[in-house]
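Visitor: Let me give you the structure first, and then I'll get to my questions.
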2 protein chains.
Amino acid sequence: MDKDNVKCWISKDHPPGLFRRFEFENYNNLRIFLDRLADLSKEKKYYPDISFGSKYANITVYASNDKVLSEEEKAFAQRVNELIDPI
Amino acid sequence: MDKDNVKCWISKDHPPGLFRRFEFENYNNLRIFLDRLADLSKEKKYYPDISFGSKYANITVYASNDKVLSEEEKAFAQRVNELIDPI
């Protein structure tokens with residue numbers, strides 16, 4: 001993994017975090033993704049900020065120490081990438 | 001129901017909509033609420049904007065015609081109120 005970046009995620013600075021927007025063909029596919037993400041959050045005990053409508057979800061992984069993303073937080077974002085079916 | 005308001009929801013003007021923040025004791029209770037809300041959305045074919053973290057959810061019901069909330073949209077917000085257990 002790149003030192004500061006996770007593939008497909010946008011780095012933010014104030015506060016530090018990673019952002020990615022996921023788009024879906026329909027609401028059912030979005031729900032499948034959100035359910036998988038809920039399972040991952042329980043497993044990792046990490047809860048990102050999530051916004052969603054009927055066909056999209058915006059996910060932000062914030063640095064829990066307010067300063068710099070930890071390796072665990074970057075790994076979490078990487079795991080979220082793996083929740084979607086390969087295009 | 002009040003002409004323009006729904007109990008516990010904040011009216012917004014630009015764009016017109018209704019907003020309410022729901023807070024929960026724990027992530028499990030939040031998930032139960034989100035699952036109920038997903039069922040309601042499917043039933044009513046209306047998908048509000050939802051943001052959530054580990055213990056809260058912010059819901060916005062926008063006027064789908066961009067001008068004024070319909071009776072159906074206000075009724076949807078009222079139904080969301082009924083998804084939480086009475087305090």
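Ligands are numbered from 1 in the order shown, residues from 1 within each chain, and chains are lettered A, B, ... in the order they appear in the structure tokens.
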As a PyMOL selection string, please: every residue in chain B that DSSP puts in strand (DSSP E).

Guide: chain B and resi 10-13+16-23+49-52+56-62

Visitor: Can you write out as a Markdown table which residues of chain B fall within 9 Å of chain A, alongside each residue's closest atom pair and its distance in Å to one decimal, counting only C-alpha atoms and ordering rows by chain and ascending residue number?

Guide:
| residue | atom | partner | partner_atom | distance |
| --- | --- | --- | --- | --- |
| B:Tyr27 | CA | A:Lys42 | CA | 8.9 |
| B:Arg31 | CA | A:Ala38 | CA | 8.3 |
| B:Ala38 | CA | A:Arg31 | CA | 8.3 |
| B:Lys42 | CA | A:Tyr27 | CA | 8.9 |
| B:Tyr46 | CA | A:Ser54 | CA | 8.4 |
| B:Tyr47 | CA | A:Ser54 | CA | 5.5 |
| B:Pro48 | CA | A:Gly53 | CA | 6.2 |
| B:Asp49 | CA | A:Gly53 | CA | 4.9 |
| B:Ile50 | CA | A:Phe52 | CA | 5.3 |
| B:Ser51 | CA | A:Ser51 | CA | 3.9 |
| B:Phe52 | CA | A:Ile50 | CA | 5.3 |
| B:Gly53 | CA | A:Asp49 | CA | 4.9 |
| B:Ser54 | CA | A:Tyr47 | CA | 5.5 |
| B:Asn58 | CA | A:Ser51 | CA | 8.9 |

Visitor: Write a file of the selected residues as a compact mmCIF listing (two decimals), in the first residue's frame, keeping C-alpha atoms.

Guide:
# COMPACT_ATOMS: atom_id res chain seq x y z
CA TYR B 27 -24.69 0.62 17.24
CA ARG B 31 -28.85 -0.76 12.88
CA ALA B 38 -34.96 0.64 4.65
CA LYS B 42 -39.06 0.19 -0.11
CA TYR B 46 -39.15 7.16 -1.12
CA TYR B 47 -35.47 7.38 -0.21
CA PRO B 48 -34.43 10.17 2.16
CA ASP B 49 -30.85 11.35 2.54
CA ILE B 50 -29.27 9.53 5.47
CA SER B 51 -25.96 10.18 7.23
CA PHE B 52 -24.84 8.04 10.12
CA GLY B 53 -21.94 7.24 12.39
CA SER B 54 -21.78 4.64 15.14
CA ASN B 58 -29.30 12.35 10.39

Visitor: Mind pulling up the distance from CA of Lys44 in chain A to CA of Phe33 in chain B?

Guide: 21.4 Å

Visitor: Quick one: of A:Tyr56, A:Pro15, A:Gln78, A:Val6, who's nearest to Leu34 in chain A, counting only C-alpha atoms?

Guide: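 Among the listed residues, A:Tyr56 lies closest to Leu34 in chain A.
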
Visitor: Pull the alpha helix (DSSP H) assignments for chain B out of DSSP run on the backbone, and list those residues as a PyMOL selection string.

Guide: chain B and resi 27-44+71-81
